[in-house]
Amino acid sequence: MNRMTELTGTGVLAVPQGDLCVSPEGAADAIALSLIIPTYNEGKTVPLLIDRLTADLDRMLPKRYELIVVDDDSPDETWRIAQELTTCYSQLRVMRRTTERGLASAVIRGWQGARGAWLGVIDADLQHPPEVLLQLVAAVQDGADLAVASRHVEGGGVSEWSFTRRFLSRGAQVLGLLILPAVVGRVSDPMSGYFVVRRSAIAGPLLNPKGYKILLEVLGRGHIKTVAEVGYVFQERAAGESKVTWRQYVDYLHHLVRLRSRRRLERFRRQLPLRRFLQFVTVGFSGLFVDYSLFYLLFGQLGLGLTTSNVLSAECAIINNFLWNDAWTFADFAKRQRGWQARSKRFLKFNLICLAGLVLNTLVVNLLFNVFGVNAYVAKFVAIVAVTLWNFWVNLKLSWRVTQVPRQP
Ligand code: GDD
Ligand code: MN
């Protein structure tokens, strides 16, 4: 296999589900762990990091891991140094990107090309102690969806940070907690760039390449149920320099706000009972059919009076609608309230609400036509829409509502 890939394209950033190339979790000979090492001018530390990681992983997962250096065409030619290392380290691969830039997208590109069932990331500058990786992998092996190396749990810390640096780091975390508590609050060190996540937990959704803090993206968009944390001490940089500038703070804020609005939109979509509403409208149409045909039969053919025919056919339509809604639109609620008593109660409520709907219909038509001078057909159409919404919403909330009775212990 060619172990040096040059990436020139752009395209969507998302982690694929396990396909043919991805090893099933637990398979004896397949790649279990893919660890991404994003680099920009880290030529001095990369050889030592690879050596230490390999020593540990050869013991824990012999032949069942891959290390993927993703370099953004570093001026110090980190990619070339890494490529030369592939001759001594069989599990090492290198990606050299010439068009895209940035930490987060580098990590996601690495995961896109990875084969493992567990996807990880570690800084290349040795600020993340490599030996902690084994504990992260063990946690995922034991069932965690995500294992994060944290500076803020037992065994964790920072080396010689100034007051200002600690303050900025904690400040960013508090800000995160304020803007996005449900995501940031799930881990003690949301800024960590050292973690392992199960592929199945993040495969699918598009990931945002802008965020510098890829862990937020994983927590915010992935399906992470269980999280494990392992303490580590953030080491001082031995060589090279940090790429963090004020821009990353701005990006971080932007990232938080974007994640927040996305989550809100998703929650809103989830709560919007669109499927049910369409079913309700379909049933409504069937009712219209019942109403008209029966009316034609009673009034047109049998010669019954107008009001009698109308009331009878309308009531039959209501019964028709109730039966369909009970068996289809709201079947899940109906199942939780079985028995003829509960059913009759639902039917009665449905009837009353539809009756109220009829009154509402008349009111709206009159108001629009007589007071606002709206065209009669337009007025009728508006009334139908309004009454459909009314019927749906009130029936959803009243007729098929399931009262949560606390369970007896
Ligand atoms: N490919 C690529 N492209 N790699 C990058 C880029 C980039 O544009 N920018 C940074 N990196 C790589 C660096 O080479 C290094 O391996 C790693 O990403 C972290 O960058 P640093 O500049 O060393 O960041 P730090 O020391 O402030 O670390 C903080 O941020 C990290 C990333 O989120 C800490 O919070 C770490 O825990 C965290 O991992
Ligand atoms: Mn660093």
# chains A, B, ... in the order shown; residues from 1 in each chain; ligands from 1
call {"tool": "residues_near_ligand", "arguments": {"ligand": "ligand 2", "cutoff": "9 Å", "atoms": "only C-alpha atoms and all ligand atoms", "output": "JSON, numbers by chain"}}
result
{"A": [123, 124, 125, 126, 127, 128, 234, 235, 236, 237, 240, 241, 242, 243, 244]}
call {"tool": "residues_around", "arguments": {"residues": "Phe285 (chain A)", "least_positions_apart": "5", "cutoff": "10 Å", "atoms": "only C-alpha atoms", "output": "number ranges by chain"}}
result
A: 279-280, 290-291, 317, 321
call {"tool": "write_last_selection", "arguments": {"atoms": "all heavy atoms", "output": "CSV table (one decimal), in the first residue's frame"}}
result
chain,number,residue,atom,x,y,z
A,279,GLN,N,-50.7,12.7,8.3
A,279,GLN,CA,-51.6,11.6,8.4
A,279,GLN,C,-53.0,12.1,8.7
A,279,GLN,O,-54.0,11.7,8.2
A,279,GLN,CB,-51.2,10.7,9.5
A,279,GLN,CG,-50.0,9.8,9.1
A,279,GLN,CD,-49.4,9.0,10.3
A,279,GLN,OE1,-48.9,9.6,11.2
A,279,GLN,NE2,-49.4,7.7,10.2
A,280,PHE,N,-53.0,13.1,9.6
A,280,PHE,CA,-54.3,13.7,10.1
A,280,PHE,C,-55.0,14.3,8.9
A,280,PHE,O,-56.2,14.2,8.7
A,280,PHE,CB,-54.0,14.7,11.1
A,280,PHE,CG,-55.2,15.2,11.9
A,280,PHE,CD1,-55.8,14.5,12.9
A,280,PHE,CD2,-55.8,16.4,11.5
A,280,PHE,CE1,-56.9,14.9,13.6
A,280,PHE,CE2,-57.0,16.9,12.2
A,280,PHE,CZ,-57.5,16.1,13.2
A,290,VAL,N,-66.4,10.6,2.6
A,290,VAL,CA,-67.5,9.9,3.3
A,290,VAL,C,-68.7,10.9,3.4
A,290,VAL,O,-69.9,10.6,3.1
A,290,VAL,CB,-67.1,9.4,4.7
A,290,VAL,CG1,-68.3,9.0,5.6
A,290,VAL,CG2,-66.1,8.3,4.6
A,291,ASP,N,-68.4,12.1,3.9
A,291,ASP,CA,-69.4,13.1,4.1
A,291,ASP,C,-70.2,13.4,2.8
A,291,ASP,O,-71.4,13.3,2.8
A,291,ASP,CB,-68.7,14.4,4.6
A,291,ASP,CG,-69.7,15.4,5.2
A,291,ASP,OD1,-70.9,15.2,5.0
A,291,ASP,OD2,-69.2,16.3,5.9
A,317,ALA,N,-68.8,11.0,9.0
A,317,ALA,CA,-67.4,11.4,8.6
A,317,ALA,C,-66.5,11.5,9.9
A,317,ALA,O,-65.4,11.1,9.9
A,317,ALA,CB,-67.4,12.7,7.9
A,321,ASN,N,-63.3,9.4,10.6
A,321,ASN,CA,-62.0,10.1,10.9
A,321,ASN,C,-61.4,9.6,12.3
A,321,ASN,O,-60.2,9.3,12.4
A,321,ASN,CB,-62.1,11.6,11.0
A,321,ASN,CG,-62.4,12.2,9.6
A,321,ASN,OD1,-62.6,11.5,8.7
A,321,ASN,ND2,-62.4,13.5,9.5
call {"tool": "closest_residue", "arguments": {"among": "A:Ile319, A:Ala138, A:Ile122, A:Val387", "to": "ligand 1", "atoms": "only C-alpha atoms and all ligand atoms"}}
result
A:Ile122
call {"tool": "residues_near_ligand", "arguments": {"ligand": "ligand 1", "cutoff": "9 Å", "atoms": "only C-alpha atoms and all ligand atoms", "output": "short mmCIF file (atom, residue, chain, number, x, y, z; two decimals) with all heavy atoms, in the first residue's frame"}}
result
data_model
loop_
_atom_site.label_atom_id
_atom_site.label_comp_id
_atom_site.auth_asym_id
_atom_site.auth_seq_id
_atom_site.Cartn_x
_atom_site.Cartn_y
_atom_site.Cartn_z
N ILE A 37 -2.63 12.33 13.79
CA ILE A 37 -1.65 13.26 14.36
C ILE A 37 -1.60 14.47 13.43
O ILE A 37 -0.94 14.43 12.39
CB ILE A 37 -0.25 12.60 14.45
CG1 ILE A 37 -0.36 11.26 15.19
CG2 ILE A 37 0.75 13.54 15.11
CD1 ILE A 37 0.86 10.37 15.02
N PRO A 38 -2.34 15.54 13.76
CA PRO A 38 -2.32 16.72 12.90
C PRO A 38 -1.01 17.47 13.11
O PRO A 38 -0.57 17.63 14.26
CB PRO A 38 -3.50 17.54 13.41
CG PRO A 38 -3.68 17.14 14.82
CD PRO A 38 -3.20 15.73 14.95
N THR A 39 -0.40 17.91 12.03
CA THR A 39 0.88 18.60 12.20
C THR A 39 0.99 19.86 11.36
O THR A 39 0.50 19.92 10.23
CB THR A 39 2.07 17.70 11.79
OG1 THR A 39 1.88 17.29 10.44
CG2 THR A 39 2.21 16.49 12.67
N TYR A 40 1.62 20.84 11.93
CA TYR A 40 2.05 22.00 11.18
C TYR A 40 3.38 22.44 11.79
O TYR A 40 3.42 22.88 12.95
CB TYR A 40 1.01 23.13 11.22
CG TYR A 40 1.31 24.18 10.18
CD1 TYR A 40 1.04 23.93 8.83
CD2 TYR A 40 1.92 25.37 10.53
CE1 TYR A 40 1.36 24.87 7.86
CE2 TYR A 40 2.24 26.31 9.56
CZ TYR A 40 1.96 26.05 8.23
OH TYR A 40 2.29 26.97 7.28
N ASN A 41 4.44 22.26 11.06
CA ASN A 41 5.80 22.56 11.56
C ASN A 41 6.12 21.82 12.86
O ASN A 41 6.49 22.43 13.86
CB ASN A 41 5.98 24.06 11.78
CG ASN A 41 6.15 24.79 10.46
OD1 ASN A 41 6.45 24.16 9.43
ND2 ASN A 41 5.98 26.09 10.47
N GLU A 42 5.96 20.53 12.86
CA GLU A 42 6.28 19.73 14.05
C GLU A 42 7.38 18.71 13.74
O GLU A 42 7.47 17.67 14.38
CB GLU A 42 5.03 19.01 14.58
CG GLU A 42 3.81 19.88 14.82
CD GLU A 42 3.93 20.82 16.02
OE1 GLU A 42 5.01 20.88 16.64
OE2 GLU A 42 2.94 21.51 16.30
N VAL A 46 7.86 15.02 15.87
CA VAL A 46 7.13 13.88 15.29
C VAL A 46 7.89 12.54 15.40
O VAL A 46 7.28 11.54 15.78
CB VAL A 46 6.70 14.21 13.84
CG1 VAL A 46 6.70 13.01 12.95
CG2 VAL A 46 5.30 14.82 13.86
N VAL A 69 -0.44 10.70 10.08
CA VAL A 69 0.01 12.09 10.19
C VAL A 69 -0.71 12.88 9.10
O VAL A 69 -0.67 12.50 7.93
CB VAL A 69 1.54 12.19 10.00
CG1 VAL A 69 1.97 13.64 9.83
CG2 VAL A 69 2.26 11.57 11.20
N VAL A 70 -1.42 13.93 9.49
CA VAL A 70 -2.05 14.80 8.49
C VAL A 70 -1.36 16.16 8.54
O VAL A 70 -1.54 16.92 9.50
CB VAL A 70 -3.57 14.95 8.74
CG1 VAL A 70 -4.21 15.77 7.62
CG2 VAL A 70 -4.24 13.59 8.84
N ASP A 71 -0.55 16.42 7.55
CA ASP A 71 0.26 17.63 7.56
C ASP A 71 -0.23 18.61 6.50
O ASP A 71 -0.61 18.23 5.40
CB ASP A 71 1.73 17.27 7.27
CG ASP A 71 2.60 18.50 7.38
OD1 ASP A 71 2.77 18.99 8.52
OD2 ASP A 71 3.09 18.99 6.35
N ASP A 72 -0.24 19.89 6.86
CA ASP A 72 -0.73 20.92 5.92
C ASP A 72 0.43 21.54 5.16
O ASP A 72 0.58 22.76 5.13
CB ASP A 72 -1.55 21.98 6.67
CG ASP A 72 -2.91 21.44 7.07
OD1 ASP A 72 -3.20 20.27 6.73
OD2 ASP A 72 -3.68 22.18 7.71
N ASP A 73 1.22 20.71 4.53
CA ASP A 73 2.32 21.19 3.68
C ASP A 73 3.26 22.11 4.47
O ASP A 73 3.61 23.19 3.98
CB ASP A 73 1.71 21.93 2.47
CG ASP A 73 2.60 21.77 1.24
OD1 ASP A 73 3.52 20.91 1.29
OD2 ASP A 73 2.40 22.50 0.27
N SER A 74 3.64 21.67 5.65
CA SER A 74 4.46 22.51 6.54
C SER A 74 5.74 22.98 5.87
O SER A 74 6.41 22.20 5.20
CB SER A 74 4.86 21.71 7.78
OG SER A 74 3.75 21.28 8.48
N ARG A 96 -0.59 14.47 3.07
CA ARG A 96 -0.07 15.83 2.90
C ARG A 96 -1.13 16.65 2.18
O ARG A 96 -1.52 16.33 1.06
CB ARG A 96 1.21 15.78 2.07
CG ARG A 96 1.77 17.13 1.74
CD ARG A 96 2.92 16.96 0.77
NE ARG A 96 3.47 18.22 0.34
CZ ARG A 96 4.30 18.34 -0.68
NH1 ARG A 96 4.69 17.27 -1.35
NH2 ARG A 96 4.76 19.52 -1.03
N ARG A 97 -1.60 17.69 2.84
CA ARG A 97 -2.67 18.49 2.24
C ARG A 97 -2.07 19.76 1.64
O ARG A 97 -1.32 20.47 2.32
CB ARG A 97 -3.71 18.88 3.29
CG ARG A 97 -4.31 17.69 4.01
CD ARG A 97 -5.61 18.05 4.66
NE ARG A 97 -5.52 19.17 5.59
CZ ARG A 97 -6.57 19.79 6.10
NH1 ARG A 97 -7.79 19.41 5.73
NH2 ARG A 97 -6.42 20.77 6.95
N GLU A 100 -6.20 22.47 1.55
CA GLU A 100 -6.94 22.82 2.76
C GLU A 100 -5.99 23.14 3.90
O GLU A 100 -4.86 22.66 3.95
CB GLU A 100 -7.82 21.65 3.19
CG GLU A 100 -9.15 21.60 2.48
CD GLU A 100 -9.99 20.44 2.96
OE1 GLU A 100 -9.44 19.33 3.13
OE2 GLU A 100 -11.19 20.63 3.17
N ARG A 101 -6.48 23.90 4.85
CA ARG A 101 -5.70 24.28 6.02
C ARG A 101 -6.55 24.16 7.27
O ARG A 101 -7.77 24.26 7.19
CB ARG A 101 -5.28 25.76 5.91
CG ARG A 101 -4.09 26.00 5.02
CD ARG A 101 -2.82 25.56 5.72
NE ARG A 101 -1.82 25.10 4.76
CZ ARG A 101 -0.94 25.89 4.17
NH1 ARG A 101 -0.93 27.17 4.42
NH2 ARG A 101 -0.08 25.40 3.31
N GLY A 102 -5.93 24.01 8.39
CA GLY A 102 -6.66 24.09 9.66
C GLY A 102 -6.70 22.79 10.43
O GLY A 102 -6.81 21.71 9.84
N LEU A 103 -6.64 22.93 11.73
CA LEU A 103 -6.57 21.76 12.60
C LEU A 103 -7.80 20.86 12.49
O LEU A 103 -7.68 19.65 12.26
CB LEU A 103 -6.36 22.24 14.05
CG LEU A 103 -6.38 21.18 15.13
CD1 LEU A 103 -5.39 20.07 14.84
CD2 LEU A 103 -6.07 21.81 16.48
N ALA A 104 -8.99 21.44 12.65
CA ALA A 104 -10.18 20.60 12.70
C ALA A 104 -10.37 19.83 11.40
O ALA A 104 -10.64 18.62 11.41
CB ALA A 104 -11.41 21.45 12.98
N SER A 105 -10.24 20.51 10.26
CA SER A 105 -10.46 19.81 9.00
C SER A 105 -9.38 18.76 8.77
O SER A 105 -9.63 17.72 8.17
CB SER A 105 -10.55 20.79 7.84
OG SER A 105 -9.29 21.34 7.55
N ALA A 106 -8.17 19.00 9.29
CA ALA A 106 -7.11 18.00 9.16
C ALA A 106 -7.50 16.71 9.88
O ALA A 106 -7.35 15.60 9.35
CB ALA A 106 -5.80 18.54 9.73
N VAL A 107 -8.06 16.88 11.06
CA VAL A 107 -8.45 15.70 11.84
C VAL A 107 -9.57 14.94 11.12
O VAL A 107 -9.53 13.71 10.98
CB VAL A 107 -8.92 16.13 13.26
CG1 VAL A 107 -9.42 14.93 14.05
CG2 VAL A 107 -7.79 16.81 14.00
N VAL A 121 -7.30 11.22 18.22
CA VAL A 121 -6.46 12.34 17.82
C VAL A 121 -5.51 12.69 18.96
O VAL A 121 -5.86 12.56 20.13
CB VAL A 121 -7.31 13.56 17.39
CG1 VAL A 121 -8.28 13.99 18.48
CG2 VAL A 121 -6.43 14.74 16.98
N ILE A 122 -4.29 13.08 18.59
CA ILE A 122 -3.29 13.50 19.58
C ILE A 122 -2.44 14.62 18.95
O ILE A 122 -2.20 14.60 17.74
CB ILE A 122 -2.41 12.30 19.99
CG1 ILE A 122 -1.42 12.70 21.10
CG2 ILE A 122 -1.64 11.71 18.80
CD1 ILE A 122 -0.67 11.50 21.70
N ASP A 123 -2.05 15.60 19.77
CA ASP A 123 -1.16 16.66 19.26
C ASP A 123 0.21 16.07 18.95
O ASP A 123 0.63 15.09 19.58
CB ASP A 123 -1.00 17.77 20.31
CG ASP A 123 -2.22 18.66 20.40
OD1 ASP A 123 -3.20 18.42 19.64
OD2 ASP A 123 -2.21 19.60 21.22
N ALA A 124 0.91 16.71 18.01
CA ALA A 124 2.19 16.16 17.57
C ALA A 124 3.37 16.70 18.38
O ALA A 124 4.49 16.23 18.24
CB ALA A 124 2.40 16.50 16.10
N ASP A 125 3.11 17.69 19.25
CA ASP A 125 4.22 18.39 19.88
C ASP A 125 4.64 17.81 21.23
O ASP A 125 5.36 18.46 21.99
CB ASP A 125 3.87 19.87 20.04
CG ASP A 125 2.52 20.05 20.72
OD1 ASP A 125 1.99 19.07 21.27
OD2 ASP A 125 1.98 21.18 20.69
N LEU A 126 4.15 16.62 21.55
CA LEU A 126 4.46 15.92 22.81
C LEU A 126 3.88 16.60 24.03
O LEU A 126 4.24 16.26 25.16
CB LEU A 126 5.98 15.73 22.97
CG LEU A 126 6.59 14.66 22.05
CD1 LEU A 126 8.11 14.70 22.11
CD2 LEU A 126 6.10 13.26 22.46
N GLN A 127 2.97 17.58 23.81
CA GLN A 127 2.31 18.17 24.97
C GLN A 127 1.28 17.20 25.54
O GLN A 127 0.88 17.31 26.69
CB GLN A 127 1.68 19.51 24.60
CG GLN A 127 2.75 20.57 24.32
CD GLN A 127 2.18 21.96 24.22
OE1 GLN A 127 1.68 22.37 23.18
NE2 GLN A 127 2.26 22.71 25.30
N HIS A 128 0.84 16.27 24.70
CA HIS A 128 -0.05 15.19 25.15
C HIS A 128 0.81 13.95 25.41
O HIS A 128 1.36 13.40 24.46
CB HIS A 128 -1.09 14.85 24.07
CG HIS A 128 -2.09 15.92 23.82
ND1 HIS A 128 -2.79 16.03 22.63
CD2 HIS A 128 -2.53 16.94 24.60
CE1 HIS A 128 -3.61 17.06 22.70
NE2 HIS A 128 -3.47 17.64 23.88
N ALA A 149 -8.90 12.64 27.24
CA ALA A 149 -7.82 12.95 28.16
C ALA A 149 -8.10 14.33 28.73
O ALA A 149 -8.32 15.28 27.97
CB ALA A 149 -6.48 12.93 27.43
N SER A 150 -8.12 14.43 30.05
CA SER A 150 -8.56 15.68 30.68
C SER A 150 -7.51 16.24 31.63
O SER A 150 -6.88 15.51 32.38
CB SER A 150 -9.87 15.42 31.44
OG SER A 150 -10.14 16.49 32.30
N ARG A 151 -7.41 17.57 31.61
CA ARG A 151 -6.50 18.24 32.55
C ARG A 151 -7.20 18.48 33.87
O ARG A 151 -6.58 18.85 34.85
CB ARG A 151 -6.08 19.61 31.97
CG ARG A 151 -5.26 19.52 30.71
CD ARG A 151 -5.13 20.89 30.05
NE ARG A 151 -6.42 21.35 29.54
CZ ARG A 151 -6.60 22.45 28.84
NH1 ARG A 151 -5.57 23.24 28.57
NH2 ARG A 151 -7.80 22.80 28.41
N SER A 169 -7.92 30.06 29.70
CA SER A 169 -8.38 28.71 29.42
C SER A 169 -9.68 28.41 30.16
O SER A 169 -10.65 27.89 29.59
CB SER A 169 -7.28 27.72 29.82
OG SER A 169 -7.77 26.41 29.73
N ASP A 189 -13.03 18.69 30.47
CA ASP A 189 -12.06 19.45 29.68
C ASP A 189 -12.49 19.52 28.21
O ASP A 189 -11.94 18.85 27.34
CB ASP A 189 -10.69 18.76 29.79
CG ASP A 189 -9.56 19.64 29.24
OD1 ASP A 189 -9.85 20.73 28.72
OD2 ASP A 189 -8.39 19.21 29.34
N PRO A 190 -13.50 20.37 27.94
CA PRO A 190 -14.05 20.41 26.58
C PRO A 190 -13.06 20.92 25.53
O PRO A 190 -13.29 20.75 24.34
CB PRO A 190 -15.24 21.35 26.70
CG PRO A 190 -14.98 22.15 27.93
CD PRO A 190 -14.19 21.29 28.86
N MET A 191 -11.95 21.52 25.98
CA MET A 191 -10.96 22.03 25.02
C MET A 191 -9.97 20.96 24.62
O MET A 191 -9.08 21.21 23.82
CB MET A 191 -10.14 23.17 25.64
CG MET A 191 -10.91 24.24 26.32
SD MET A 191 -11.90 25.10 25.13
CE MET A 191 -13.17 25.65 26.21
N SER A 192 -10.08 19.81 25.20
CA SER A 192 -9.08 18.78 24.96
C SER A 192 -9.03 18.37 23.49
O SER A 192 -10.05 18.21 22.83
CB SER A 192 -9.38 17.55 25.81
OG SER A 192 -8.44 16.53 25.53
N GLY A 193 -7.82 18.22 23.01
CA GLY A 193 -7.64 17.76 21.63
C GLY A 193 -7.03 16.37 21.63
O GLY A 193 -6.38 15.98 20.66
N TYR A 194 -7.26 15.65 22.72
CA TYR A 194 -6.66 14.33 22.90
C TYR A 194 -7.76 13.38 23.34
O TYR A 194 -8.19 13.41 24.49
CB TYR A 194 -5.57 14.45 23.97
CG TYR A 194 -4.67 13.25 24.16
CD1 TYR A 194 -4.65 12.18 23.27
CD2 TYR A 194 -3.79 13.20 25.25
CE1 TYR A 194 -3.80 11.11 23.46
CE2 TYR A 194 -2.93 12.13 25.45
CZ TYR A 194 -2.94 11.09 24.56
OH TYR A 194 -2.11 10.04 24.75
N PHE A 195 -8.28 12.59 22.41
CA PHE A 195 -9.39 11.70 22.75
C PHE A 195 -9.53 10.58 21.72
O PHE A 195 -8.92 10.63 20.65
CB PHE A 195 -10.71 12.48 22.86
CG PHE A 195 -11.11 13.20 21.61
CD1 PHE A 195 -11.89 12.58 20.63
CD2 PHE A 195 -10.72 14.52 21.38
CE1 PHE A 195 -12.26 13.25 19.48
CE2 PHE A 195 -11.09 15.20 20.22
CZ PHE A 195 -11.86 14.55 19.27
N TYR A 212 -11.85 25.01 15.86
CA TYR A 212 -10.51 24.55 16.21
C TYR A 212 -10.66 23.41 17.19
O TYR A 212 -9.87 22.48 17.24
CB TYR A 212 -9.76 25.73 16.84
CG TYR A 212 -8.29 25.51 17.04
CD1 TYR A 212 -7.43 25.47 15.95
CD2 TYR A 212 -7.75 25.36 18.31
CE1 TYR A 212 -6.07 25.30 16.13
CE2 TYR A 212 -6.39 25.18 18.49
CZ TYR A 212 -5.55 25.15 17.40
OH TYR A 212 -4.22 24.99 17.58
N LYS A 213 -11.74 23.48 17.97
CA LYS A 213 -11.96 22.51 19.02
C LYS A 213 -12.86 21.38 18.51
O LYS A 213 -14.07 21.42 18.62
CB LYS A 213 -12.59 23.19 20.23
CG LYS A 213 -11.67 24.23 20.85
CD LYS A 213 -10.37 23.59 21.32
CE LYS A 213 -9.39 24.62 21.86
NZ LYS A 213 -8.09 24.02 22.22
N ILE A 214 -12.23 20.41 17.95
CA ILE A 214 -12.96 19.32 17.29
C ILE A 214 -13.78 18.50 18.29
O ILE A 214 -14.81 17.93 17.94
CB ILE A 214 -11.95 18.44 16.50
CG1 ILE A 214 -12.65 17.32 15.75
CG2 ILE A 214 -10.86 17.89 17.35
CD1 ILE A 214 -13.37 17.78 14.54
N LEU A 215 -13.37 18.49 19.55
CA LEU A 215 -14.13 17.73 20.55
C LEU A 215 -15.55 18.27 20.71
O LEU A 215 -16.50 17.51 20.90
CB LEU A 215 -13.39 17.74 21.90
CG LEU A 215 -14.07 16.99 23.04
CD1 LEU A 215 -14.30 15.52 22.69
CD2 LEU A 215 -13.26 17.09 24.33
N PHE A 234 -0.78 18.39 30.93
CA PHE A 234 -0.43 19.05 29.67
C PHE A 234 1.03 19.50 29.76
O PHE A 234 1.37 20.35 30.58
CB PHE A 234 -1.37 20.25 29.46
CG PHE A 234 -1.33 20.83 28.09
CD1 PHE A 234 -1.94 20.18 27.03
CD2 PHE A 234 -0.71 22.05 27.84
CE1 PHE A 234 -1.92 20.73 25.75
CE2 PHE A 234 -0.69 22.60 26.57
CZ PHE A 234 -1.30 21.94 25.52
N GLU A 236 4.85 20.99 28.75
CA GLU A 236 5.36 22.18 28.08
C GLU A 236 5.84 21.79 26.69
O GLU A 236 6.26 20.65 26.47
CB GLU A 236 6.51 22.79 28.87
CG GLU A 236 6.07 23.56 30.09
CD GLU A 236 5.03 24.65 29.78
OE1 GLU A 236 5.36 25.58 29.03
OE2 GLU A 236 3.89 24.54 30.27
N ARG A 237 5.80 22.73 25.78
CA ARG A 237 6.29 22.46 24.43
C ARG A 237 7.81 22.28 24.47
O ARG A 237 8.52 23.12 25.00
CB ARG A 237 5.96 23.63 23.52
CG ARG A 237 5.11 23.25 22.36
CD ARG A 237 4.90 24.44 21.45
NE ARG A 237 3.77 24.18 20.56
CZ ARG A 237 3.84 23.46 19.45
NH1 ARG A 237 5.00 22.93 19.09
NH2 ARG A 237 2.79 23.26 18.70
N GLY A 240 9.36 23.75 18.59
CA GLY A 240 8.35 24.33 17.72
C GLY A 240 7.52 25.35 18.49
O GLY A 240 7.83 25.67 19.64
N GLU A 241 6.46 25.88 17.85
CA GLU A 241 5.64 26.82 18.60
C GLU A 241 4.15 26.62 18.38
O GLU A 241 3.73 26.00 17.40
CB GLU A 241 6.04 28.25 18.28
CG GLU A 241 6.08 28.55 16.80
CD GLU A 241 6.88 29.82 16.53
OE1 GLU A 241 8.05 29.89 16.96
OE2 GLU A 241 6.31 30.72 15.91
N SER A 242 3.38 27.13 19.33
CA SER A 242 1.92 26.98 19.27
C SER A 242 1.34 27.76 18.09
O SER A 242 1.88 28.80 17.72
CB SER A 242 1.31 27.48 20.57
OG SER A 242 -0.08 27.52 20.43
N LYS A 243 0.27 27.21 17.54
CA LYS A 243 -0.37 27.89 16.40
C LYS A 243 -1.56 28.71 16.85
O LYS A 243 -2.30 29.25 16.03
CB LYS A 243 -0.83 26.86 15.37
CG LYS A 243 0.27 26.39 14.44
CD LYS A 243 0.98 25.18 14.99
CE LYS A 243 2.42 25.16 14.56
NZ LYS A 243 3.16 24.11 15.31
N VAL A 244 -1.78 28.74 18.14
CA VAL A 244 -2.97 29.43 18.63
C VAL A 244 -2.76 30.94 18.58
O VAL A 244 -1.76 31.47 19.06
CB VAL A 244 -3.29 28.99 20.07
CG1 VAL A 244 -4.47 29.77 20.61
CG2 VAL A 244 -3.60 27.50 20.08
N THR A 245 -3.73 31.64 17.97
CA THR A 245 -3.70 33.10 17.96
C THR A 245 -5.07 33.58 18.44
O THR A 245 -5.94 32.76 18.73
CB THR A 245 -3.47 33.64 16.54
OG1 THR A 245 -4.59 33.24 15.73
CG2 THR A 245 -2.19 33.12 15.94
#
call {"tool": "residues_around", "arguments": {"residues": "region 174-188 of chain A", "least_positions_apart": "2", "cutoff": "7 Å", "atoms": "only C-alpha atoms", "output": "list in words"}}
result
Ser150, His152, Val153, Arg170, Gly171, Ala172, Pro190, Leu219, Gly220, Leu256 and Arg260 of chain A
call {"tool": "write_last_selection", "arguments": {"atoms": "N, CA and C atoms", "output": "compact mmCIF listing (two decimals), in the first residue's frame"}}
result
# COMPACT_ATOMS: atom_id res chain seq x y z
N SER A 150 -8.12 14.43 30.05
CA SER A 150 -8.56 15.68 30.68
C SER A 150 -7.51 16.24 31.63
N HIS A 152 -8.52 18.28 33.88
CA HIS A 152 -9.28 18.68 35.06
C HIS A 152 -9.92 17.54 35.83
N VAL A 153 -9.37 16.35 35.74
CA VAL A 153 -9.81 15.28 36.64
C VAL A 153 -8.58 14.81 37.40
N ARG A 170 -9.70 28.76 31.45
CA ARG A 170 -10.91 28.53 32.24
C ARG A 170 -12.05 29.43 31.78
N GLY A 171 -11.70 30.67 31.43
CA GLY A 171 -12.69 31.63 30.95
C GLY A 171 -13.41 31.09 29.72
N ALA A 172 -12.62 30.51 28.81
CA ALA A 172 -13.20 29.95 27.59
C ALA A 172 -14.17 28.81 27.95
N PRO A 190 -13.50 20.37 27.94
CA PRO A 190 -14.05 20.41 26.58
C PRO A 190 -13.06 20.92 25.53
N LEU A 219 -18.94 16.12 20.39
CA LEU A 219 -19.96 16.08 21.44
C LEU A 219 -21.29 16.66 20.95
N GLY A 220 -21.18 17.70 20.13
CA GLY A 220 -22.39 18.42 19.70
C GLY A 220 -23.15 17.72 18.59
N LEU A 256 -19.30 27.80 19.02
CA LEU A 256 -20.28 27.55 20.07
C LEU A 256 -21.67 28.02 19.65
N ARG A 260 -24.99 25.79 18.90
CA ARG A 260 -26.18 26.04 19.69
C ARG A 260 -27.41 26.23 18.80
call {"tool": "closest_residue", "arguments": {"among": "A:Gly113, A:Gly143, A:Gly339, A:Pro129", "to": "Ile224 (chain A)", "atoms": "only C-alpha atoms"}}
result
A:Gly143
call {"tool": "atom_distance", "arguments": {"atom1": "CA of Ser313 (chain A)", "atom2": "CA of Leu294 (chain A)"}}
result
5.4 Å
call {"tool": "closest_residue", "arguments": {"among": "A:Gly305, A:Glu315, A:Phe277, A:Leu85", "to": "Tyr292 (chain A)", "atoms": "only C-alpha atoms"}}
result
A:Glu315
call {"tool": "closest_residue", "arguments": {"among": "A:Ala55, A:Gly231, A:Gly211, A:Trp340", "to": "Gln248 (chain A)", "atoms": "only C-alpha atoms"}}
result
A:Gly211
call {"tool": "select_by_dssp", "arguments": {"residues": "region 185-389 of chain A", "states": "alpha helix (DSSP H)", "output": "MDAnalysis selection string"}}
result
chainID A and resid 199:202 214:221 246:271 274:295 306:324 331:335 340:366 376:389
call {"tool": "residues_around", "arguments": {"residues": "region 28-36 of chain A", "least_positions_apart": "2", "cutoff": "8 Å", "atoms": "only C-alpha atoms", "output": "list in words"}}
result
Val22, Ser23, Pro24, Glu25, Gly26, Pro38, Leu61, Lys63, Arg64, Tyr65, Glu66, Leu67, Ile68, Val69, Val70, Val107, Gly110, Trp111, Ala114, Arg115, Gly116, Ala117, Trp118, Leu119, Gly120, Val121 and Ile122 of chain A
